file model.cif (mmCIF, C-alpha atoms)
data_work
#
loop_
_atom_site.label_atom_id
_atom_site.label_comp_id
_atom_site.auth_asym_id
_atom_site.auth_seq_id
_atom_site.Cartn_x
_atom_site.Cartn_y
_atom_site.Cartn_z
CA MET A 1 93.87 147.29 115.79
CA GLU A 2 97.03 149.30 115.23
CA VAL A 3 100.52 148.29 114.19
CA LYS A 4 103.52 150.57 114.38
CA VAL A 5 105.79 150.37 111.32
CA LEU A 6 109.44 151.41 111.62
CA PHE A 7 111.55 152.52 108.66
CA PHE A 8 115.33 152.55 108.50
CA ALA A 9 118.06 153.90 106.23
CA GLN A 10 117.10 154.08 102.51
CA ILE A 11 113.51 153.06 103.26
CA GLN A 12 113.22 155.82 105.85
CA GLU A 13 114.41 158.22 103.11
CA LEU A 14 111.81 156.84 100.73
CA PHE A 15 108.92 157.36 103.18
CA GLY A 16 110.34 160.57 104.62
CA VAL A 17 109.46 159.52 108.19
CA SER A 18 110.89 157.04 110.68
CA GLU A 19 107.57 155.45 111.61
CA ILE A 20 103.87 155.31 110.79
CA ILE A 21 100.84 153.63 112.32
CA LEU A 22 98.77 151.25 110.21
CA SER A 23 95.20 150.43 111.20
CA ASP A 24 92.95 147.54 110.24
CA ILE A 25 95.57 145.13 109.00
CA GLN A 26 95.81 141.54 110.16
CA THR A 27 99.01 140.17 108.63
CA THR A 28 102.49 141.22 107.49
CA GLU A 29 101.38 140.76 103.86
CA GLU A 30 98.49 143.16 104.36
CA ALA A 31 100.90 145.61 105.97
CA ILE A 32 103.23 145.49 102.96
CA ASP A 33 100.26 145.94 100.59
CA ALA A 34 99.23 149.02 102.57
CA LEU A 35 102.80 150.39 102.48
CA LEU A 36 103.01 149.81 98.72
CA LYS A 37 99.85 151.90 98.31
CA HIS A 38 101.50 154.70 100.31
CA GLN A 39 104.74 154.37 98.38
CA PRO A 40 104.77 152.15 95.26
CA LYS A 41 108.55 152.58 94.87
CA LEU A 42 109.01 150.33 97.91
CA SER A 43 108.82 147.45 95.42
CA ASN A 44 112.23 148.54 94.04
CA TYR A 45 113.91 148.01 97.41
CA THR A 46 115.40 144.97 99.07
CA TYR A 47 114.25 144.47 102.66
CA ILE A 48 113.34 141.93 105.28
CA LEU A 49 110.72 142.19 108.02
CA ALA A 50 110.93 141.95 111.78
CA VAL A 51 107.92 141.73 114.07
CA ASN A 52 108.65 142.83 117.65
CA GLU A 53 112.38 142.65 116.86
CA LYS A 54 112.26 139.08 115.51
CA ILE A 55 112.91 138.45 111.83
CA VAL A 56 109.95 136.83 110.06
CA LYS A 57 110.44 134.98 106.79
CA SER A 58 106.86 134.21 105.85
CA ASN A 59 103.47 135.85 106.23
CA GLN A 60 102.55 136.25 109.87
CA SER A 61 99.48 137.44 111.69
CA LEU A 62 99.79 140.69 113.61
CA GLN A 63 98.37 141.65 116.98
CA ASN A 64 97.33 145.04 118.28
CA ASN A 65 100.40 147.17 119.15
CA ASP A 66 102.87 144.95 117.32
CA VAL A 67 105.93 146.69 115.92
CA LEU A 68 106.79 145.85 112.32
CA ALA A 69 110.24 146.91 111.13
CA ILE A 70 111.15 147.19 107.46
CA LEU A 71 114.87 146.45 107.35
CA PRO A 72 117.07 147.16 104.33
CA PRO A 73 120.33 145.17 103.88
CA PHE A 74 122.58 145.21 106.93
CA ALA A 75 125.88 147.05 106.62
CA GLY A 76 127.57 146.79 109.98
CA GLY A 77 131.23 146.07 110.50
CA MET B 1 120.69 135.48 131.40
CA LYS B 2 123.73 137.73 131.57
CA LYS B 3 123.28 141.48 131.50
CA LYS B 4 123.49 142.93 128.00
CA LYS B 5 126.75 144.74 127.41
CA LYS B 6 126.89 148.11 125.76
CA VAL B 7 128.14 147.78 122.19
CA PHE B 8 127.34 151.06 120.47
CA VAL B 9 129.60 154.08 120.79
CA GLN B 10 129.01 157.50 119.26
CA GLY B 11 131.51 158.34 116.52
CA PRO B 12 134.78 156.56 115.71
CA ILE B 13 136.55 154.16 118.06
CA ALA B 14 139.81 155.81 119.14
CA PRO B 15 143.10 153.85 118.95
CA ASP B 16 143.66 154.96 122.54
CA PHE B 17 140.49 153.15 123.63
CA ILE B 18 141.73 149.99 121.88
CA SER B 19 145.13 150.11 123.58
CA LYS B 20 143.47 150.67 126.96
CA SER B 21 141.25 147.62 126.34
CA ILE B 22 144.38 145.54 125.74
CA ALA B 23 146.03 146.88 128.87
CA ASN B 24 142.95 146.03 130.94
CA HIS B 25 143.65 142.33 130.33
CA GLN B 26 147.11 142.24 131.89
CA SER B 27 145.67 141.09 135.21
CA LYS B 28 143.78 138.16 133.60
CA THR B 29 146.56 135.62 133.72
CA ASP B 30 144.60 132.63 132.36
CA ILE B 31 144.72 134.33 128.96
CA GLY B 32 147.41 133.24 126.52
CA ALA B 33 146.04 134.67 123.27
CA HIS B 34 144.11 137.70 122.07
CA ALA B 35 142.62 138.21 118.62
CA ILE B 36 141.42 141.63 117.52
CA PHE B 37 139.43 142.62 114.46
CA LEU B 38 139.17 146.29 113.50
CA GLY B 39 136.82 147.51 110.80
CA GLN B 40 138.15 150.66 109.11
CA VAL B 41 136.22 152.94 106.76
CA ARG B 42 137.58 152.51 103.24
CA ALA B 43 137.80 155.26 100.60
CA ASP B 44 135.80 153.33 97.99
CA GLU B 45 135.25 154.96 94.64
CA ILE B 46 131.64 155.02 93.44
CA GLU B 47 131.04 156.27 89.89
CA GLY B 48 134.14 158.47 90.07
CA LYS B 49 133.37 159.87 93.54
CA THR B 50 135.28 158.91 96.65
CA VAL B 51 133.67 157.89 99.94
CA GLU B 52 134.62 160.36 102.68
CA SER B 53 132.79 158.89 105.67
CA ILE B 54 130.02 156.53 106.74
CA ASP B 55 127.05 157.54 108.88
CA TYR B 56 126.02 154.49 110.88
CA THR B 57 122.49 154.01 112.20
CA ALA B 58 120.83 150.94 113.69
CA TYR B 59 117.58 149.46 114.89
CA GLU B 60 119.16 149.72 118.30
CA GLU B 61 116.84 147.58 120.42
CA MET B 62 116.95 144.70 117.95
CA ALA B 63 120.69 145.14 117.36
CA GLU B 64 121.43 144.92 121.08
CA ASP B 65 119.48 141.65 121.27
CA ALA B 66 121.30 140.32 118.22
CA PHE B 67 124.70 141.24 119.70
CA HIS B 68 123.73 139.53 122.93
CA ASN B 69 122.64 136.32 121.17
CA ILE B 70 125.75 136.20 118.98
CA ARG B 71 127.90 136.76 122.03
CA GLU B 72 126.27 133.91 123.95
CA ALA B 73 126.50 131.57 120.95
CA THR B 74 130.20 132.37 120.52
CA PHE B 75 130.94 131.68 124.18
CA GLU B 76 129.21 128.30 123.81
CA LYS B 77 131.06 127.40 120.64
CA TYR B 78 134.62 128.35 121.59
CA GLU B 79 136.72 128.20 124.74
CA LEU B 80 137.08 131.91 125.43
CA SER B 81 138.11 133.83 128.52
CA CYS B 82 136.46 137.07 127.43
CA MET B 83 134.93 138.97 124.55
CA HIS B 84 134.35 142.63 123.78
CA ILE B 85 132.36 144.09 120.90
CA TYR B 86 132.09 147.78 120.00
CA HIS B 87 130.41 149.35 116.98
CA SER B 88 130.13 152.99 116.04
CA LEU B 89 126.96 154.94 115.44
CA GLY B 90 127.05 158.32 113.73
CA ASN B 91 129.81 159.61 111.50
CA VAL B 92 133.07 157.71 110.99
CA LYS B 93 135.56 159.17 108.51
CA VAL B 94 137.75 157.29 106.04
CA GLY B 95 140.67 155.72 107.87
CA GLU B 96 138.89 155.70 111.22
CA ILE B 97 137.75 152.59 113.09
CA GLY B 98 134.02 151.85 113.33
CA PHE B 99 134.08 148.25 114.56
CA PHE B 100 136.24 146.66 117.24
CA VAL B 101 135.98 143.00 118.22
CA PHE B 102 138.32 141.57 120.83
CA VAL B 103 138.43 137.94 122.02
CA SER B 104 140.80 136.28 124.46
CA SER B 105 141.44 132.61 125.18
CA PRO B 106 143.96 130.39 126.92
CA HIS B 107 145.33 129.15 123.56
CA ARG B 108 145.50 130.74 120.11
CA GLN B 109 143.21 128.51 118.01
CA ALA B 110 140.02 129.42 119.89
CA SER B 111 140.76 133.12 119.42
CA PHE B 112 141.48 132.72 115.69
CA ASP B 113 138.28 130.76 115.12
CA ALA B 114 136.04 132.86 117.37
CA ILE B 115 137.02 136.20 115.88
CA GLU B 116 136.15 135.10 112.35
CA TYR B 117 132.84 133.59 113.43
CA LEU B 118 131.91 136.66 115.48
CA VAL B 119 132.70 139.20 112.78
CA ASN B 120 130.80 137.23 110.14
CA GLU B 121 127.77 136.70 112.39
CA ILE B 122 127.62 140.39 113.28
CA LYS B 123 127.89 141.52 109.67
CA ALA B 124 125.11 139.14 108.60
CA ASN B 125 122.67 139.39 111.49
CA VAL B 126 122.78 142.77 113.22
CA PRO B 127 120.49 145.52 111.86
CA ILE B 128 123.07 148.25 111.33
CA PHE B 129 122.93 150.53 108.30
CA GLY B 130 125.69 152.58 106.69
CA LYS B 131 125.21 155.73 104.65
CA GLU B 132 128.34 156.32 102.58
CA ILE B 133 128.91 160.06 102.22
CA LEU B 134 130.67 160.95 98.98
CA GLN B 135 133.02 163.88 98.37
CA ASP B 136 130.34 166.02 96.67
CA GLY B 137 127.89 165.51 99.54
CA ALA B 138 125.83 162.89 97.71
CA HIS B 139 125.40 159.53 99.39
CA GLN B 140 124.65 155.90 98.81
CA TRP B 141 123.71 153.06 101.13
CA LYS B 142 126.37 150.50 101.95
CA VAL B 143 125.63 146.80 101.48
CA ASN B 144 127.87 144.16 103.08
CA GLN B 145 129.56 141.83 100.59
#

call {"tool": "encode", "arguments": {"input": "model.cif", "output": "structure tokens"}}
result
Amino acid sequence: MEVKVLFFAQIQELFGVSEIILSDIQTTEEAIDALLKHQPKLSNYTYILAVNEKIVKSNQSLQNNDVLAILPPFAGG
Amino acid sequence: MKKKKKVFVQGPIAPDFISKSIANHQSKTDIGAHAIFLGQVRADEIEGKTVESIDYTAYEEMAEDAFHNIREATFEKYELSCMHIYHSLGNVKVGEIGFFVFVSSPHRQASFDAIEYLVNEIKANVPIFGKEILQDGAHQWKVNQ
């Protein structure tokens, strides 16, 4: 099972890449735990999550090939 | 479902483009009122350094969906004849326009109300990010107030 993770703006700077693939994770919480292991400083950032372009506000199970986006605060307009 | 309209433009939105958009409505004679909102890049001062430009990026696929949904919701909520939304991606310098929202209605109140609703919904719900470039080349990430 693989999930693509997308990074934007300041979080993309933090990770140094625009996307990574995570394997063997079942939920958004597990994904965040895995990302925090990659990059502990993520805990200093404000962000929300979107799964397949829909914002999720609580822990959610993930399916193979889902796309999880880590979205820092919006600044349009 | 209506076709999604193109919102993003590369670089600043030219005043010429805005005036042409206004002119394009002269043939729509049910319209009695237009309201326009223009977002301009401000020379904020951050720890003694001035902002020179903003580099806009977005989660484009999700942003296009969000624009579409906000657009549909606004049409349902207010009596509008038409609506146009444009947002810049890439570099927009201080004093230039990076956001152009244009609504038209038979009577003024719907335009007044719709423009405020639209701008606020877009600022809150569309995944667009702004990197403020400072005069010494350093940067910080913009957060909407």

call {"tool": "resolve_selection", "arguments": {"input": "model.cif", "expression": "the PyMOL selection byres ((chain A and resi 71) around 8)", "output": "list of chain:residue names"}}
result
A:Phe7, A:Phe8, A:Ile11, A:Tyr47, A:Ile48, A:Leu49, A:Ala50, A:Ala69, A:Ile70, A:Pro72, A:Pro73, A:Phe74, B:Pro127

call {"tool": "write_last_selection", "arguments": {"input": "model.cif", "atoms": "C-alpha atoms", "output": "compact mmCIF listing (two decimals), in the frame of the given file"}}
result
# COMPACT_ATOMS: atom_id res chain seq x y z
CA PHE A 7 111.55 152.52 108.66
CA PHE A 8 115.33 152.55 108.50
CA ILE A 11 113.51 153.06 103.26
CA TYR A 47 114.25 144.47 102.66
CA ILE A 48 113.34 141.93 105.28
CA LEU A 49 110.72 142.19 108.02
CA ALA A 50 110.93 141.95 111.78
CA ALA A 69 110.24 146.91 111.13
CA ILE A 70 111.15 147.19 107.46
CA PRO A 72 117.07 147.16 104.33
CA PRO A 73 120.33 145.17 103.88
CA PHE A 74 122.58 145.21 106.93
CA PRO B 127 120.49 145.52 111.86

call {"tool": "interface_residues", "arguments": {"input": "model.cif", "of": "chain B", "to": "chain A", "cutoff": "6 Å", "atoms": "all atoms listed in the file", "output": "list of chain:residue names"}}
result
B:Gly39, B:Met62, B:Phe99, B:Lys123, B:Pro127, B:Ile128, B:Phe129, B:Gly130, B:Lys142, B:Val143, B:Asn144

call {"tool": "residues_near_point", "arguments": {"input": "model.cif", "point": "(137.1, 139.8, 119.1)", "cutoff": "8 Å", "atoms": "only C-alpha atoms", "output": "ChimeraX atom specification"}}
result
/B:34-37,83-85,100-104,111,114-115,118-119

call {"tool": "axis_aligned_box", "arguments": {"input": "model.cif", "around": "region 8-19 of chain A", "padding_each_side": "5 Å", "output": "JSON"}}
result
{"center_x": 112.8, "center_y": 156.6, "center_z": 106.2, "size_x": 20.5, "size_y": 18.0, "size_z": 20.9}

call {"tool": "residues_around", "arguments": {"input": "model.cif", "residues": "Asn59 (chain A)", "least_positions_apart": "5", "cutoff": "8 Å", "atoms": "all atoms listed in the file", "output": "ChimeraX atom specification"}}
result
/A:27-29

call {"tool": "residues_around", "arguments": {"input": "model.cif", "residues": "Gly48 (chain B)", "least_positions_apart": "2", "cutoff": "12 Å", "atoms": "only C-alpha atoms", "output": "list in words"}}
result
Ala43, Asp44, Glu45, Ile46, Thr50, Val51, Leu134, Gln135 and Asp136 of chain B

call {"tool": "resolve_selection", "arguments": {"input": "model.cif", "expression": "the PyMOL selection byres ((chain B and resi 54) around 6)", "output": "mmCIF file with C-alpha atoms, in the coordinates of the input"}}
result
data_model
loop_
_atom_site.group_PDB
_atom_site.id
_atom_site.type_symbol
_atom_site.label_atom_id
_atom_site.label_comp_id
_atom_site.auth_asym_id
_atom_site.auth_seq_id
_atom_site.Cartn_x
_atom_site.Cartn_y
_atom_site.Cartn_z
ATOM 1 C CA SER B 53 132.790 158.890 105.670
ATOM 2 C CA ASP B 55 127.050 157.540 108.880
ATOM 3 C CA ASN B 91 129.810 159.610 111.500
ATOM 4 C CA VAL B 92 133.070 157.710 110.990
ATOM 5 C CA GLY B 130 125.690 152.580 106.690
ATOM 6 C CA LYS B 131 125.210 155.730 104.650
ATOM 7 C CA GLU B 132 128.340 156.320 102.580
ATOM 8 C CA ILE B 133 128.910 160.060 102.220
#

call {"tool": "residues_around", "arguments": {"input": "model.cif", "residues": "Ser61 (chain A)", "least_positions_apart": "6", "cutoff": "12 Å", "atoms": "all atoms listed in the file", "output": "list in words"}}
result
Val3, Ile25, Gln26, Thr27, Thr28, Glu29, Glu30, Ala31, Val51 and Leu68 of chain A

call {"tool": "write_last_selection", "arguments": {"input": "model.cif", "atoms": "C-alpha atoms", "output": "short mmCIF file (atom, residue, chain, number, x, y, z; two decimals), in the coordinates of the input"}}
result
data_model
loop_
_atom_site.label_atom_id
_atom_site.label_comp_id
_atom_site.auth_asym_id
_atom_site.auth_seq_id
_atom_site.Cartn_x
_atom_site.Cartn_y
_atom_site.Cartn_z
CA VAL A 3 100.52 148.29 114.19
CA ILE A 25 95.57 145.13 109.00
CA GLN A 26 95.81 141.54 110.16
CA THR A 27 99.01 140.17 108.63
CA THR A 28 102.49 141.22 107.49
CA GLU A 29 101.38 140.76 103.86
CA GLU A 30 98.49 143.16 104.36
CA ALA A 31 100.90 145.61 105.97
CA VAL A 51 107.92 141.73 114.07
CA LEU A 68 106.79 145.85 112.32
#

call {"tool": "atom_distance", "arguments": {"input": "model.cif", "atom1": "CA of Asn44 (chain A)", "atom2": "CA of Leu62 (chain A)"}}
result
24.5 Å

call {"tool": "resolve_selection", "arguments": {"input": "model.cif", "expression": "the PyMOL selection byres ((chain A and resi 19) around 8)", "output": "PDB file with C-alpha atoms, keeping the file's coordinate frame"}}
result
ATOM      1  CA  LYS A   4     103.520 150.570 114.380  1.00  0.00           C
ATOM      2  CA  VAL A   5     105.790 150.370 111.320  1.00  0.00           C
ATOM      3  CA  LEU A   6     109.440 151.410 111.620  1.00  0.00           C
ATOM      4  CA  PHE A   7     111.550 152.520 108.660  1.00  0.00           C
ATOM      5  CA  VAL A  17     109.460 159.520 108.190  1.00  0.00           C
ATOM      6  CA  SER A  18     110.890 157.040 110.680  1.00  0.00           C
ATOM      7  CA  ILE A  20     103.870 155.310 110.790  1.00  0.00           C
ATOM      8  CA  ILE A  21     100.840 153.630 112.320  1.00  0.00           C
TER       9      ILE A  21
END

call {"tool": "closest_residue", "arguments": {"input": "model.cif", "among": "B:Gly90, B:Cys82, B:Phe75, B:Tyr117", "to": "Asn24 (chain B)", "atoms": "only C-alpha atoms"}}
result
B:Cys82

call {"tool": "atom_distance", "arguments": {"input": "model.cif", "atom1": "CA of Ser58 (chain A)", "atom2": "CA of Trp141 (chain B)"}}
result
25.7 Å

call {"tool": "atom_distance", "arguments": {"input": "model.cif", "atom1": "CA of His68 (chain B)", "atom2": "CA of Asp113 (chain B)"}}
result
18.7 Å
